[in-house]
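Visitor: Contents of work-v1.cif (mmCIF, C-alpha atoms (C1' of nucleotides)):
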data_data
#
loop_
_atom_site.label_atom_id
_atom_site.label_comp_id
_atom_site.auth_asym_id
_atom_site.auth_seq_id
_atom_site.Cartn_x
_atom_site.Cartn_y
_atom_site.Cartn_z
CA MET F 1 -64.38 -79.14 -30.30
CA ALA F 2 -64.65 -75.45 -29.61
CA ARG F 3 -64.34 -72.11 -31.26
CA PRO F 4 -60.77 -71.37 -32.30
CA ARG F 5 -58.79 -68.23 -31.49
CA GLU F 6 -59.02 -65.42 -33.96
CA PHE F 7 -55.69 -63.89 -32.91
CA ASP F 8 -52.10 -64.98 -32.63
CA ALA F 9 -51.09 -64.98 -28.98
CA ASP F 10 -47.46 -64.33 -29.83
CA THR F 11 -48.05 -61.15 -31.78
CA ALA F 12 -50.57 -59.99 -29.18
CA LEU F 13 -47.96 -60.43 -26.48
CA GLU F 14 -45.38 -58.62 -28.57
CA ARG F 15 -47.70 -55.65 -28.94
CA ALA F 16 -48.62 -55.62 -25.28
CA MET F 17 -44.92 -55.64 -24.44
CA GLN F 18 -44.33 -52.70 -26.74
CA ALA F 19 -47.11 -50.79 -24.98
CA PHE F 20 -45.72 -51.50 -21.49
CA TRP F 21 -42.23 -50.70 -22.71
CA ALA F 22 -43.21 -47.36 -24.21
CA ARG F 23 -45.47 -46.10 -21.44
CA GLY F 24 -44.69 -48.02 -18.27
CA TYR F 25 -46.89 -50.31 -16.23
CA LYS F 26 -49.20 -47.94 -14.41
CA ALA F 27 -49.53 -45.59 -17.35
CA THR F 28 -50.66 -48.40 -19.66
CA SER F 29 -54.37 -48.97 -19.23
CA LEU F 30 -56.36 -51.98 -20.30
CA ASP F 31 -57.86 -49.85 -23.01
CA ASP F 32 -54.34 -49.13 -24.22
CA LEU F 33 -53.57 -52.83 -24.19
CA CYS F 34 -56.75 -53.70 -26.05
CA THR F 35 -56.01 -51.08 -28.66
CA ALA F 36 -52.40 -52.17 -29.00
CA THR F 37 -53.24 -55.85 -29.33
CA GLY F 38 -56.54 -55.49 -31.14
CA LEU F 39 -58.11 -57.84 -28.60
CA SER F 40 -61.15 -57.39 -26.44
CA ARG F 41 -60.89 -57.44 -22.66
CA SER F 42 -62.35 -60.94 -22.58
CA SER F 43 -59.75 -62.30 -24.94
CA LEU F 44 -56.91 -60.59 -23.11
CA TYR F 45 -58.03 -61.94 -19.78
CA SER F 46 -58.69 -65.47 -20.97
CA ALA F 47 -55.39 -65.61 -22.82
CA PHE F 48 -53.12 -63.91 -20.29
CA GLY F 49 -54.98 -63.62 -17.02
CA GLY F 50 -54.80 -59.92 -16.24
CA LYS F 51 -52.66 -56.85 -16.44
CA ARG F 52 -49.99 -57.93 -14.03
CA ALA F 53 -49.65 -61.39 -15.53
CA LEU F 54 -49.39 -59.77 -18.93
CA LEU F 55 -46.56 -57.58 -17.67
CA HIS F 56 -44.67 -60.61 -16.47
CA ARG F 57 -45.17 -62.39 -19.77
CA SER F 58 -43.97 -59.21 -21.47
CA LEU F 59 -40.88 -59.15 -19.31
CA GLU F 60 -40.11 -62.75 -20.19
CA ARG F 61 -40.54 -61.99 -23.86
CA TYR F 62 -38.31 -58.93 -23.64
CA GLU F 63 -35.68 -60.88 -21.77
CA ALA F 64 -35.57 -63.50 -24.49
CA GLN F 65 -35.19 -60.84 -27.15
CA ALA F 66 -32.57 -58.97 -25.17
CA VAL F 67 -30.59 -62.14 -24.59
CA ALA F 68 -30.71 -62.81 -28.32
CA ARG F 69 -29.64 -59.29 -29.22
CA VAL F 70 -26.73 -59.22 -26.79
CA THR F 71 -25.63 -62.69 -27.76
CA ALA F 72 -25.69 -61.75 -31.42
CA ALA F 73 -23.77 -58.54 -30.83
CA LEU F 74 -21.08 -60.29 -28.81
CA SER F 75 -20.79 -63.22 -31.19
CA ARG F 76 -19.48 -61.14 -34.03
CA PRO F 77 -15.95 -62.07 -35.10
CA LEU F 78 -14.43 -58.98 -33.57
CA PRO F 79 -12.31 -58.13 -30.59
CA VAL F 80 -14.72 -57.98 -27.67
CA ARG F 81 -14.08 -54.31 -27.17
CA GLU F 82 -15.24 -53.57 -30.69
CA ALA F 83 -18.23 -55.87 -30.35
CA VAL F 84 -19.36 -54.12 -27.17
CA ALA F 85 -18.63 -50.74 -28.72
CA GLY F 86 -20.80 -51.62 -31.69
CA PHE F 87 -23.62 -52.74 -29.44
CA VAL F 88 -23.51 -49.52 -27.44
CA ALA F 89 -23.21 -47.41 -30.58
CA GLU F 90 -26.43 -48.92 -31.89
CA LEU F 91 -28.16 -48.19 -28.62
CA ILE F 92 -27.10 -44.57 -28.91
CA ASP F 93 -28.30 -44.40 -32.50
CA ARG F 94 -31.73 -45.57 -31.41
CA ILE F 95 -31.82 -43.17 -28.47
CA VAL F 96 -30.89 -40.20 -30.60
CA ALA F 97 -33.29 -41.22 -33.37
CA GLY F 98 -36.16 -41.55 -30.92
CA PRO F 99 -37.30 -45.16 -30.54
CA GLY F 100 -34.51 -45.96 -28.12
CA ARG F 101 -35.78 -43.32 -25.77
CA SER F 102 -38.07 -45.87 -24.16
CA GLY F 103 -34.95 -47.20 -22.49
CA CYS F 104 -34.48 -50.80 -21.44
CA PHE F 105 -37.77 -52.45 -20.52
CA ILE F 106 -36.07 -54.37 -17.73
CA GLY F 107 -34.55 -51.20 -16.34
CA ASN F 108 -37.89 -49.43 -16.65
CA CYS F 109 -39.56 -52.14 -14.59
CA ALA F 110 -36.75 -51.95 -12.06
CA GLY F 111 -37.28 -48.23 -11.70
CA GLU F 112 -41.05 -48.25 -11.57
CA LEU F 113 -41.82 -51.46 -9.73
CA ALA F 114 -38.85 -53.15 -8.06
CA ARG F 115 -39.16 -51.25 -4.81
CA HIS F 116 -42.74 -52.25 -4.06
CA ASP F 117 -43.25 -55.43 -6.08
CA ARG F 118 -41.11 -58.31 -4.96
CA ALA F 119 -42.12 -60.69 -7.73
CA THR F 120 -41.31 -58.20 -10.45
CA ALA F 121 -38.06 -57.26 -8.72
CA THR F 122 -37.03 -60.90 -8.76
CA LYS F 123 -37.78 -61.22 -12.46
CA VAL F 124 -35.82 -58.04 -13.14
CA ARG F 125 -32.87 -59.25 -11.13
CA GLN F 126 -32.84 -62.58 -12.93
CA SER F 127 -33.06 -60.94 -16.35
CA LEU F 128 -30.19 -58.60 -15.58
CA GLN F 129 -28.22 -61.57 -14.32
CA LYS F 130 -28.75 -63.48 -17.54
CA ILE F 131 -27.55 -60.57 -19.63
CA GLU F 132 -24.62 -60.09 -17.33
CA ASN F 133 -23.74 -63.76 -17.81
CA ILE F 134 -23.66 -63.33 -21.57
CA PHE F 135 -21.22 -60.48 -21.22
CA GLU F 136 -19.14 -62.50 -18.80
CA THR F 137 -18.95 -65.48 -21.13
CA ALA F 138 -17.93 -63.30 -24.04
CA LEU F 139 -15.35 -61.53 -21.92
CA ALA F 140 -13.92 -64.82 -20.70
CA LYS F 141 -13.49 -65.99 -24.28
CA ALA F 142 -11.82 -62.72 -25.15
CA GLN F 143 -9.57 -63.15 -22.17
CA ASP F 144 -8.59 -66.59 -23.48
CA ARG F 145 -7.79 -64.97 -26.80
CA GLY F 146 -5.51 -62.59 -24.98
CA GLU F 147 -7.61 -59.49 -25.50
CA LEU F 148 -7.92 -58.87 -21.79
CA ALA F 149 -5.29 -59.14 -19.10
CA SER F 150 -5.34 -62.55 -17.50
CA ALA F 151 -5.72 -60.79 -14.16
CA ALA F 152 -8.90 -59.01 -15.31
CA ASP F 153 -12.03 -59.90 -13.38
CA VAL F 154 -14.43 -60.62 -16.20
CA ALA F 155 -17.42 -61.09 -13.86
CA SER F 156 -16.91 -57.63 -12.42
CA ILE F 157 -16.44 -56.09 -15.83
CA ALA F 158 -19.65 -57.73 -17.03
CA ARG F 159 -21.57 -56.38 -14.03
CA PHE F 160 -20.10 -52.96 -14.58
CA LEU F 161 -21.05 -52.92 -18.24
CA VAL F 162 -24.64 -53.87 -17.46
CA ALA F 163 -24.97 -51.15 -14.84
CA GLY F 164 -23.23 -48.63 -17.05
CA ILE F 165 -25.49 -49.37 -19.99
CA GLN F 166 -28.52 -48.94 -17.75
CA GLY F 167 -27.16 -45.57 -16.69
CA LEU F 168 -26.49 -44.59 -20.28
CA ARG F 169 -30.00 -45.49 -21.36
CA LEU F 170 -31.58 -43.73 -18.40
CA VAL F 171 -29.64 -40.53 -18.95
CA GLY F 172 -30.46 -40.80 -22.65
CA LYS F 173 -34.16 -40.56 -21.85
CA ALA F 174 -33.79 -37.06 -20.48
CA ASN F 175 -30.91 -35.95 -22.65
CA PRO F 176 -30.79 -37.74 -25.99
CA ASP F 177 -27.68 -35.92 -27.07
CA ARG F 178 -25.32 -37.92 -29.22
CA ALA F 179 -22.11 -36.23 -28.15
CA ALA F 180 -22.90 -36.62 -24.47
CA LEU F 181 -23.92 -40.26 -24.83
CA GLU F 182 -20.90 -41.13 -26.93
CA SER F 183 -18.67 -39.53 -24.36
CA ILE F 184 -20.23 -41.70 -21.66
CA ALA F 185 -19.94 -44.76 -23.87
CA SER F 186 -16.30 -44.23 -24.59
CA MET F 187 -15.48 -43.92 -20.91
CA LEU F 188 -17.54 -46.98 -20.18
CA LEU F 189 -15.57 -48.97 -22.72
CA ALA F 190 -12.35 -47.97 -21.04
CA CYS F 191 -12.86 -50.90 -18.71
CA LEU F 192 -11.99 -53.10 -21.67
CA GLU F 193 -8.76 -51.31 -22.49
CA PRO F 194 -5.49 -52.86 -21.43
CA LYS F 195 -3.87 -50.60 -18.87
CA GLU F 196 -0.84 -48.82 -20.19
CA MET N 1 -56.33 -9.73 6.99
CA ALA N 2 -57.34 -13.34 6.56
CA ARG N 3 -57.10 -16.72 8.14
CA PRO N 4 -53.50 -17.90 8.44
CA ARG N 5 -52.12 -21.23 7.33
CA GLU N 6 -52.18 -24.03 9.83
CA PHE N 7 -49.33 -25.90 8.17
CA ASP N 8 -45.78 -25.25 7.15
CA ALA N 9 -45.55 -25.30 3.37
CA ASP N 10 -41.94 -26.37 3.47
CA THR N 11 -42.46 -29.49 5.53
CA ALA N 12 -45.57 -30.33 3.52
CA LEU N 13 -43.54 -30.15 0.33
CA GLU N 14 -40.79 -32.25 1.88
CA ARG N 15 -43.30 -34.96 2.74
CA ALA N 16 -44.94 -34.83 -0.66
CA MET N 17 -41.52 -35.19 -2.24
CA GLN N 18 -40.79 -38.22 -0.07
CA ALA N 19 -44.05 -39.79 -1.21
CA PHE N 20 -43.34 -39.19 -4.91
CA TRP N 21 -39.78 -40.39 -4.43
CA ALA N 22 -40.80 -43.60 -2.73
CA ARG N 23 -43.70 -44.59 -4.96
CA GLY N 24 -43.35 -42.73 -8.26
CA TYR N 25 -45.66 -40.19 -9.82
CA LYS N 26 -48.55 -42.26 -11.12
CA ALA N 27 -48.54 -44.59 -8.14
CA THR N 28 -48.86 -41.72 -5.68
CA SER N 29 -52.50 -40.72 -5.38
CA LEU N 30 -53.88 -37.53 -3.95
CA ASP N 31 -55.05 -39.51 -0.97
CA ASP N 32 -51.44 -40.64 -0.50
CA LEU N 33 -50.29 -37.04 -0.70
CA CYS N 34 -52.92 -35.84 1.76
CA THR N 35 -51.96 -38.58 4.18
CA ALA N 36 -48.25 -37.91 3.78
CA THR N 37 -48.59 -34.16 4.23
CA GLY N 38 -51.48 -34.17 6.68
CA LEU N 39 -53.26 -31.63 4.50
CA SER N 40 -56.70 -31.69 2.99
CA ARG N 41 -57.18 -31.62 -0.73
CA SER N 42 -58.24 -27.98 -0.57
CA SER N 43 -55.07 -26.95 1.19
CA LEU N 44 -52.89 -28.95 -1.15
CA TYR N 45 -54.51 -27.44 -4.19
CA SER N 46 -54.52 -23.88 -2.93
CA ALA N 47 -50.90 -24.14 -1.81
CA PHE N 48 -49.40 -26.05 -4.72
CA GLY N 49 -51.92 -26.09 -7.53
CA GLY N 50 -52.32 -29.77 -8.29
CA LYS N 51 -50.53 -33.07 -8.51
CA ARG N 52 -48.32 -32.25 -11.44
CA ALA N 53 -47.30 -28.86 -10.07
CA LEU N 54 -46.53 -30.55 -6.77
CA LEU N 55 -44.28 -33.01 -8.56
CA HIS N 56 -42.35 -30.19 -10.15
CA ARG N 57 -41.99 -28.41 -6.83
CA SER N 58 -40.81 -31.71 -5.37
CA LEU N 59 -38.25 -32.09 -8.11
CA GLU N 60 -36.94 -28.61 -7.45
CA ARG N 61 -36.69 -29.35 -3.76
CA TYR N 62 -34.90 -32.63 -4.38
CA GLU N 63 -32.52 -30.95 -6.77
CA ALA N 64 -31.58 -28.39 -4.15
CA GLN N 65 -30.95 -31.10 -1.59
CA ALA N 66 -29.02 -33.22 -4.05
CA VAL N 67 -26.87 -30.28 -5.03
CA ALA N 68 -26.16 -29.63 -1.37
CA ARG N 69 -25.31 -33.26 -0.66
CA VAL N 70 -22.99 -33.61 -3.62
CA THR N 71 -21.34 -30.28 -2.92
CA ALA N 72 -20.76 -31.26 0.69
CA ALA N 73 -19.37 -34.65 -0.24
CA LEU N 74 -16.97 -33.16 -2.79
CA SER N 75 -15.90 -30.31 -0.54
CA ARG N 76 -14.28 -32.55 2.01
CA PRO N 77 -10.54 -32.01 2.35
CA LEU N 78 -9.69 -35.23 0.58
CA PRO N 79 -8.32 -36.28 -2.76
CA VAL N 80 -11.26 -36.14 -5.14
CA ARG N 81 -11.12 -39.84 -5.72
CA GLU N 82 -11.63 -40.50 -2.03
CA ALA N 83 -14.37 -37.90 -1.79
CA VAL N 84 -16.28 -39.48 -4.66
CA ALA N 85 -15.63 -42.93 -3.26
CA GLY N 86 -17.05 -41.86 0.09
CA PHE N 87 -20.11 -40.41 -1.58
CA VAL N 88 -20.76 -43.61 -3.52
CA ALA N 89 -20.07 -45.77 -0.49
CA GLU N 90 -22.78 -43.94 1.43
CA LEU N 91 -25.20 -44.44 -1.42
CA ILE N 92 -24.50 -48.15 -1.32
CA ASP N 93 -24.96 -48.23 2.45
CA ARG N 94 -28.38 -46.70 2.05
CA ILE N 95 -29.33 -49.04 -0.79
CA VAL N 96 -28.31 -52.12 1.15
CA ALA N 97 -29.99 -50.88 4.33
CA GLY N 98 -33.23 -50.23 2.48
CA PRO N 99 -34.03 -46.52 2.31
CA GLY N 100 -31.71 -45.98 -0.64
CA ARG N 101 -33.72 -48.45 -2.66
CA SER N 102 -35.98 -45.63 -3.79
CA GLY N 103 -33.14 -44.63 -6.08
CA CYS N 104 -32.50 -41.10 -7.23
CA PHE N 105 -35.70 -39.08 -7.49
CA ILE N 106 -34.40 -37.33 -10.58
CA GLY N 107 -33.55 -40.63 -12.21
CA ASN N 108 -36.93 -42.03 -11.22
CA CYS N 109 -38.67 -39.13 -12.94
CA ALA N 110 -36.46 -39.60 -15.97
CA GLY N 111 -37.46 -43.23 -16.19
CA GLU N 112 -41.15 -42.81 -15.55
CA LEU N 113 -41.92 -39.52 -17.23
CA ALA N 114 -39.19 -38.14 -19.48
CA ARG N 115 -40.36 -39.95 -22.58
CA HIS N 116 -43.89 -38.57 -22.59
CA ASP N 117 -43.65 -35.37 -20.56
CA ARG N 118 -41.47 -32.73 -22.11
CA ALA N 119 -41.63 -30.27 -19.22
CA THR N 120 -40.56 -32.88 -16.70
CA ALA N 121 -37.86 -34.13 -19.04
CA THR N 122 -36.46 -30.63 -19.24
CA LYS N 123 -36.40 -30.28 -15.48
CA VAL N 124 -34.70 -33.65 -15.16
CA ARG N 125 -32.10 -32.74 -17.73
CA GLN N 126 -31.35 -29.46 -16.00
CA SER N 127 -31.05 -31.10 -12.61
CA LEU N 128 -28.67 -33.73 -13.91
CA GLN N 129 -26.68 -30.96 -15.56
CA LYS N 130 -26.34 -29.06 -12.32
CA ILE N 131 -25.08 -32.10 -10.48
CA GLU N 132 -22.74 -32.84 -13.33
CA ASN N 133 -21.39 -29.30 -13.06
CA ILE N 134 -20.61 -29.79 -9.39
CA PHE N 135 -18.60 -32.88 -10.21
CA GLU N 136 -16.85 -31.06 -13.00
CA THR N 137 -15.87 -28.15 -10.78
CA ALA N 138 -14.54 -30.45 -8.10
CA LEU N 139 -12.63 -32.46 -10.69
CA ALA N 140 -11.13 -29.34 -12.20
CA LYS N 141 -9.88 -28.26 -8.79
CA ALA N 142 -8.42 -31.70 -8.23
CA GLN N 143 -6.79 -31.47 -11.60
CA ASP N 144 -5.22 -28.19 -10.56
CA ARG N 145 -3.94 -29.92 -7.45
CA GLY N 146 -2.32 -32.51 -9.67
CA GLU N 147 -4.61 -35.37 -8.71
CA LEU N 148 -5.72 -35.90 -12.27
CA ALA N 149 -3.68 -35.89 -15.43
CA SER N 150 -3.67 -32.47 -17.01
CA ALA N 151 -4.89 -34.14 -20.19
CA ALA N 152 -7.93 -35.58 -18.42
CA ASP N 153 -11.29 -34.35 -19.70
CA VAL N 154 -12.99 -33.41 -16.46
CA ALA N 155 -16.30 -32.60 -18.15
CA SER N 156 -16.47 -36.07 -19.64
CA ILE N 157 -15.50 -37.69 -16.37
CA ALA N 158 -18.21 -35.74 -14.57
CA ARG N 159 -20.82 -36.83 -17.11
CA PHE N 160 -19.64 -40.40 -16.84
CA LEU N 161 -19.85 -40.38 -13.07
CA VAL N 162 -23.40 -39.03 -13.11
CA ALA N 163 -24.53 -41.68 -15.60
CA GLY N 164 -22.66 -44.40 -13.75
CA ILE N 165 -24.19 -43.46 -10.43
CA GLN N 166 -27.64 -43.54 -12.02
CA GLY N 167 -26.90 -47.02 -13.28
CA LEU N 168 -25.62 -48.10 -9.89
CA ARG N 169 -28.72 -46.85 -8.13
CA LEU N 170 -31.05 -48.39 -10.70
CA VAL N 171 -29.39 -51.79 -10.52
CA GLY N 172 -29.42 -51.48 -6.74
CA LYS N 173 -33.21 -51.31 -6.78
CA ALA N 174 -33.51 -54.81 -8.15
CA ASN N 175 -30.38 -56.26 -6.61
CA PRO N 176 -29.41 -54.51 -3.37
CA ASP N 177 -26.36 -56.67 -2.91
CA ARG N 178 -23.40 -54.96 -1.29
CA ALA N 179 -20.67 -56.96 -2.97
CA ALA N 180 -22.14 -56.45 -6.42
CA LEU N 181 -22.67 -52.74 -5.89
CA GLU N 182 -19.21 -52.21 -4.45
CA SER N 183 -17.73 -54.01 -7.41
CA ILE N 184 -19.56 -51.67 -9.75
CA ALA N 185 -18.51 -48.67 -7.67
CA SER N 186 -14.87 -49.59 -7.70
CA MET N 187 -14.85 -49.95 -11.47
CA LEU N 188 -16.69 -46.68 -11.81
CA LEU N 189 -14.04 -44.94 -9.72
CA ALA N 190 -11.34 -46.26 -12.00
CA CYS N 191 -12.01 -43.26 -14.22
CA LEU N 192 -10.31 -41.21 -11.51
CA GLU N 193 -7.19 -43.33 -11.36
CA PRO N 194 -4.07 -42.12 -13.07
CA LYS N 195 -3.26 -44.53 -15.87
CA GLU N 196 -0.23 -46.65 -15.16
"C1'" DA T 1 -67.84 -5.99 17.22
"C1'" DG T 2 -68.31 -6.45 12.47
"C1'" DT T 3 -66.57 -7.57 8.01
"C1'" DA T 4 -63.66 -8.86 4.28
"C1'" DT T 5 -60.54 -12.45 3.21
"C1'" DT T 6 -58.32 -16.60 3.25
"C1'" DA T 7 -57.88 -21.60 5.11
"C1'" DT T 8 -59.90 -25.77 6.02
"C1'" DG T 9 -62.43 -30.29 5.91
"C1'" DG T 10 -64.93 -33.04 3.37
"C1'" DA T 11 -68.53 -33.91 0.10
"C1'" DA T 12 -69.38 -34.16 -4.79
"C1'" DC T 13 -67.94 -34.62 -9.49
"C1'" DG T 14 -67.13 -36.97 -13.78
"C1'" DA T 15 -63.57 -39.67 -15.70
"C1'" DT T 16 -61.08 -43.64 -15.77
"C1'" DC T 17 -59.21 -47.76 -13.61
"C1'" DA T 18 -58.92 -53.21 -13.68
"C1'" DT T 19 -61.91 -56.83 -13.53
"C1'" DT T 20 -66.10 -59.64 -14.19
"C1'" DC T 21 -70.23 -60.85 -16.43
"C1'" DT T 22 -73.48 -61.80 -20.10
"C1'" DA T 23 -75.06 -62.70 -24.43
"C1'" DT T 24 -73.74 -64.23 -28.81
"C1'" DA T 25 -70.69 -66.44 -32.32
"C1'" DA T 26 -68.00 -70.07 -34.04
"C1'" DT T 27 -66.07 -74.32 -34.11
"C1'" DG T 28 -65.29 -79.93 -33.79
"C1'" DG T 29 -67.26 -84.13 -32.76
"C1'" DA T 30 -71.52 -86.91 -32.35
"C1'" DT Z 1 -77.64 -81.24 -37.73
"C1'" DC Z 2 -77.29 -80.61 -33.10
"C1'" DC Z 3 -74.58 -80.09 -28.97
"C1'" DA Z 4 -70.76 -79.23 -25.94
"C1'" DT Z 5 -67.18 -76.05 -25.65
"C1'" DT Z 6 -64.51 -72.14 -26.21
"C1'" DA Z 7 -63.96 -67.19 -28.16
"C1'" DT Z 8 -65.57 -62.81 -28.66
"C1'" DA Z 9 -67.61 -58.10 -28.05
"C1'" DG Z 10 -69.04 -55.08 -25.12
"C1'" DA Z 11 -71.85 -53.80 -21.12
"C1'" DA Z 12 -71.70 -53.62 -16.19
"C1'" DT Z 13 -69.24 -53.16 -11.87
"C1'" DG Z 14 -67.32 -51.06 -7.96
"C1'" DA Z 15 -63.17 -48.83 -6.80
"C1'" DT Z 16 -60.25 -45.12 -7.29
"C1'" DC Z 17 -58.45 -41.29 -9.91
"C1'" DG Z 18 -57.57 -35.91 -9.93
"C1'" DT Z 19 -60.12 -31.92 -9.45
"C1'" DT Z 20 -63.74 -28.69 -7.95
"C1'" DC Z 21 -67.05 -26.92 -4.88
"C1'" DC Z 22 -69.26 -25.50 -0.67
"C1'" DA Z 23 -70.08 -24.58 3.93
"C1'" DT Z 24 -67.60 -23.34 7.90
"C1'" DA Z 25 -63.63 -21.58 10.67
"C1'" DA Z 26 -60.21 -18.35 11.73
"C1'" DT Z 27 -57.81 -14.39 11.31
"C1'" DA Z 28 -56.62 -8.86 10.38
"C1'" DC Z 29 -58.37 -4.55 9.74
"C1'" DT Z 30 -62.03 -0.95 10.34
#
Re-express the file's structure as structure tokens.

Guide:
Amino acid sequence: MARPREFDADTALERAMQAFWARGYKATSLDDLCTATGLSRSSLYSAFGGKRALLHRSLERYEAQAVARVTAALSRPLPVREAVAGFVAELIDRIVAGPGRSGCFIGNCAGELARHDRATATKVRQSLQKIENIFETALAKAQDRGELASAADVASIARFLVAGIQGLRLVGKANPDRAALESIASMLLACLEPKE
Amino acid sequence: MARPREFDADTALERAMQAFWARGYKATSLDDLCTATGLSRSSLYSAFGGKRALLHRSLERYEAQAVARVTAALSRPLPVREAVAGFVAELIDRIVAGPGRSGCFIGNCAGELARHDRATATKVRQSLQKIENIFETALAKAQDRGELASAADVASIARFLVAGIQGLRLVGKANPDRAALESIASMLLACLEPKE
DNA sequence: AGTATTATGGAACGATCATTCTATAATGGA
DNA sequence: TCCATTATAGAATGATCGTTCCATAATACT
């Protein structure tokens, strides 16, 4: 019994997320968001509530996609070291090609906002934790398969990989050089090698 | 033959840098900078030329300080592994205590600006390179002392340490948890262990 | 002492910011 | 078909942005 929406909220959110991801929170204006989504200010506000709320919805959306991507990458029928290596290699491809130079949206929010925005910091922390948990689960399975030493601390390795990937992506923003990034990646993956 | 400055340009720049470091570029307004430095807009503009120029001066200042800090930490009469470990341990102390939660100013600029600001990206890349070179030099000396395998690629290790430290500091912004950060640090330092 | 020159404080500027408001359009149910 | 309800476009709002300008203050040199 009312006028129906003319837009799809899901694709609008996706486009808003892309805008925040590419430019950052403060650098993305409401005009930018309206242009990106094709919505008017009224529609944006009634559907999402404001810029900050839209950022949080964007973070949730990104987290879901990131969880899916990591899960997919680590579910491949490969030794975990090769699965992780493939995941990182794709990241590097995207950094070198250009689109990956926006970095990780979660990491971007951590860098720009975590210090002075408790709510966003909490969301960032939780998102990183979820991704870390996916790594940990995959590593534990690999450990069961005998790919990792039974003494290996899979939780610590997972945490290390998440931090290392953040570092890789951050450095890649300023220096999208394939050789440099692959060198970093290969040393990062050493944590999955059995000690000789 | 004219009116002299009432302020010290060096301390003004230091305070401006602190403001940019703590809040980021876009989030630091000219009012913030005037408050932080104690200068009027006129003085700021005549002395530094504008917000963006002030950022670049701040980056240069931070780079010099960072170079000095890293050089000092790696010049201690210790095995390089312990020197690096001490450096990272102090970073973690500052993150956990609070002040270190601003992260690395260079990394912050990389995250916020590198993608859309070529000049800043170049400065960031050069600064990271300089710091990387300090690590590499220290590692090469340690290699000469026999602390590292003669086959070790000190340039790659240096690059890896810089990226890893950026990741550590970024993750520390959202999750300033000592145990987690120390776990990451200890795995990072594994690249300096002789393989068994 | 007078003057040229630079520094300073703060007002003024236009642009842009996020948000709210208003008028109009479009629907489903009566 | 008319009404209650929600959606939309875009104007309006006040705050704040970075920058410029101007009047005044303070010095060094003649």

Visitor: Provide as a PyMOL selection string the residues of chain F at most 9 Å from chain T, counting only C-alpha atoms (C1' of nucleotides).

Guide: chain F and resi 1-4+29-30+45+50-51

Visitor: Take the residues just selected and output them with C-alpha atoms as a PDB file, keeping the file's coordinate frame.

Guide:
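Written file, result-v7.pdb:
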ATOM      1  CA  MET F   1     -64.380 -79.140 -30.300  1.00  0.00           C
ATOM      2  CA  ALA F   2     -64.650 -75.450 -29.610  1.00  0.00           C
ATOM      3  CA  ARG F   3     -64.340 -72.110 -31.260  1.00  0.00           C
ATOM      4  CA  PRO F   4     -60.770 -71.370 -32.300  1.00  0.00           C
ATOM      5  CA  SER F  29     -54.370 -48.970 -19.230  1.00  0.00           C
ATOM      6  CA  LEU F  30     -56.360 -51.980 -20.300  1.00  0.00           C
ATOM      7  CA  TYR F  45     -58.030 -61.940 -19.780  1.00  0.00           C
ATOM      8  CA  GLY F  50     -54.800 -59.920 -16.240  1.00  0.00           C
ATOM      9  CA  LYS F  51     -52.660 -56.850 -16.440  1.00  0.00           C
TER      10      LYS F  51
END

Visitor: Neighbouring residues of region 152-163 of chain N were defined as those with any atom within 7 Å, considering all atoms listed in the file; residues of the same chain fewer than 3 positions away were excluded. Please report them as a PyMOL selection string.

Guide: (chain F and resi 167-168+171+183-184+187) or (chain N and resi 132+135-136+139-140+148-149+166-167+191)

Visitor: Spell out the residues picked by the PyMOL selection byres ((chain Z) within 7 of (chain F)) here, as a list in words.

Guide: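 With the shown file as input, the PyMOL selection byres ((chain Z) within 7 of (chain F)) matches DT5, DT6, DA7, DT8 and DA9 of chain Z.
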
Visitor: List the residues matched by the PyMOL selection byres ((chain N and resi 16) around 9) in the displayed structure as a ChimeraX atom specification, ordered by chain and then by residue number.

Guide: /N:11-15,17-21,32-34,36-37,54-55,58

Visitor: Work out how far apart CA of Val88 (chain F) and CA of Ile134 (chain F) are and give it in Å to one decimal.

Guide: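 About the pair CA of Val88 (chain F) and CA of Ile134 (chain F): they are 15.0 Å apart.
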
Visitor: How would you write, as a PyMOL selection string, the residues chosen by the PyMOL selection byres ((chain N and resi 74-81) around 10) on this structure?

Guide: chain N and resi 68-73+82-87+134-135+137-143+145-148+189-193

Visitor: For those residues, write C-alpha atoms to a file as a short mmCIF file (atom, residue, chain, number, x, y, z; two decimals), in the coordinates of the input.

Guide:
data_model
loop_
_atom_site.label_atom_id
_atom_site.label_comp_id
_atom_site.auth_asym_id
_atom_site.auth_seq_id
_atom_site.Cartn_x
_atom_site.Cartn_y
_atom_site.Cartn_z
CA ALA N 68 -26.16 -29.63 -1.37
CA ARG N 69 -25.31 -33.26 -0.66
CA VAL N 70 -22.99 -33.61 -3.62
CA THR N 71 -21.34 -30.28 -2.92
CA ALA N 72 -20.76 -31.26 0.69
CA ALA N 73 -19.37 -34.65 -0.24
CA GLU N 82 -11.63 -40.50 -2.03
CA ALA N 83 -14.37 -37.90 -1.79
CA VAL N 84 -16.28 -39.48 -4.66
CA ALA N 85 -15.63 -42.93 -3.26
CA GLY N 86 -17.05 -41.86 0.09
CA PHE N 87 -20.11 -40.41 -1.58
CA ILE N 134 -20.61 -29.79 -9.39
CA PHE N 135 -18.60 -32.88 -10.21
CA THR N 137 -15.87 -28.15 -10.78
CA ALA N 138 -14.54 -30.45 -8.10
CA LEU N 139 -12.63 -32.46 -10.69
CA ALA N 140 -11.13 -29.34 -12.20
CA LYS N 141 -9.88 -28.26 -8.79
CA ALA N 142 -8.42 -31.70 -8.23
CA GLN N 143 -6.79 -31.47 -11.60
CA ARG N 145 -3.94 -29.92 -7.45
CA GLY N 146 -2.32 -32.51 -9.67
CA GLU N 147 -4.61 -35.37 -8.71
CA LEU N 148 -5.72 -35.90 -12.27
CA LEU N 189 -14.04 -44.94 -9.72
CA ALA N 190 -11.34 -46.26 -12.00
CA CYS N 191 -12.01 -43.26 -14.22
CA LEU N 192 -10.31 -41.21 -11.51
CA GLU N 193 -7.19 -43.33 -11.36
#
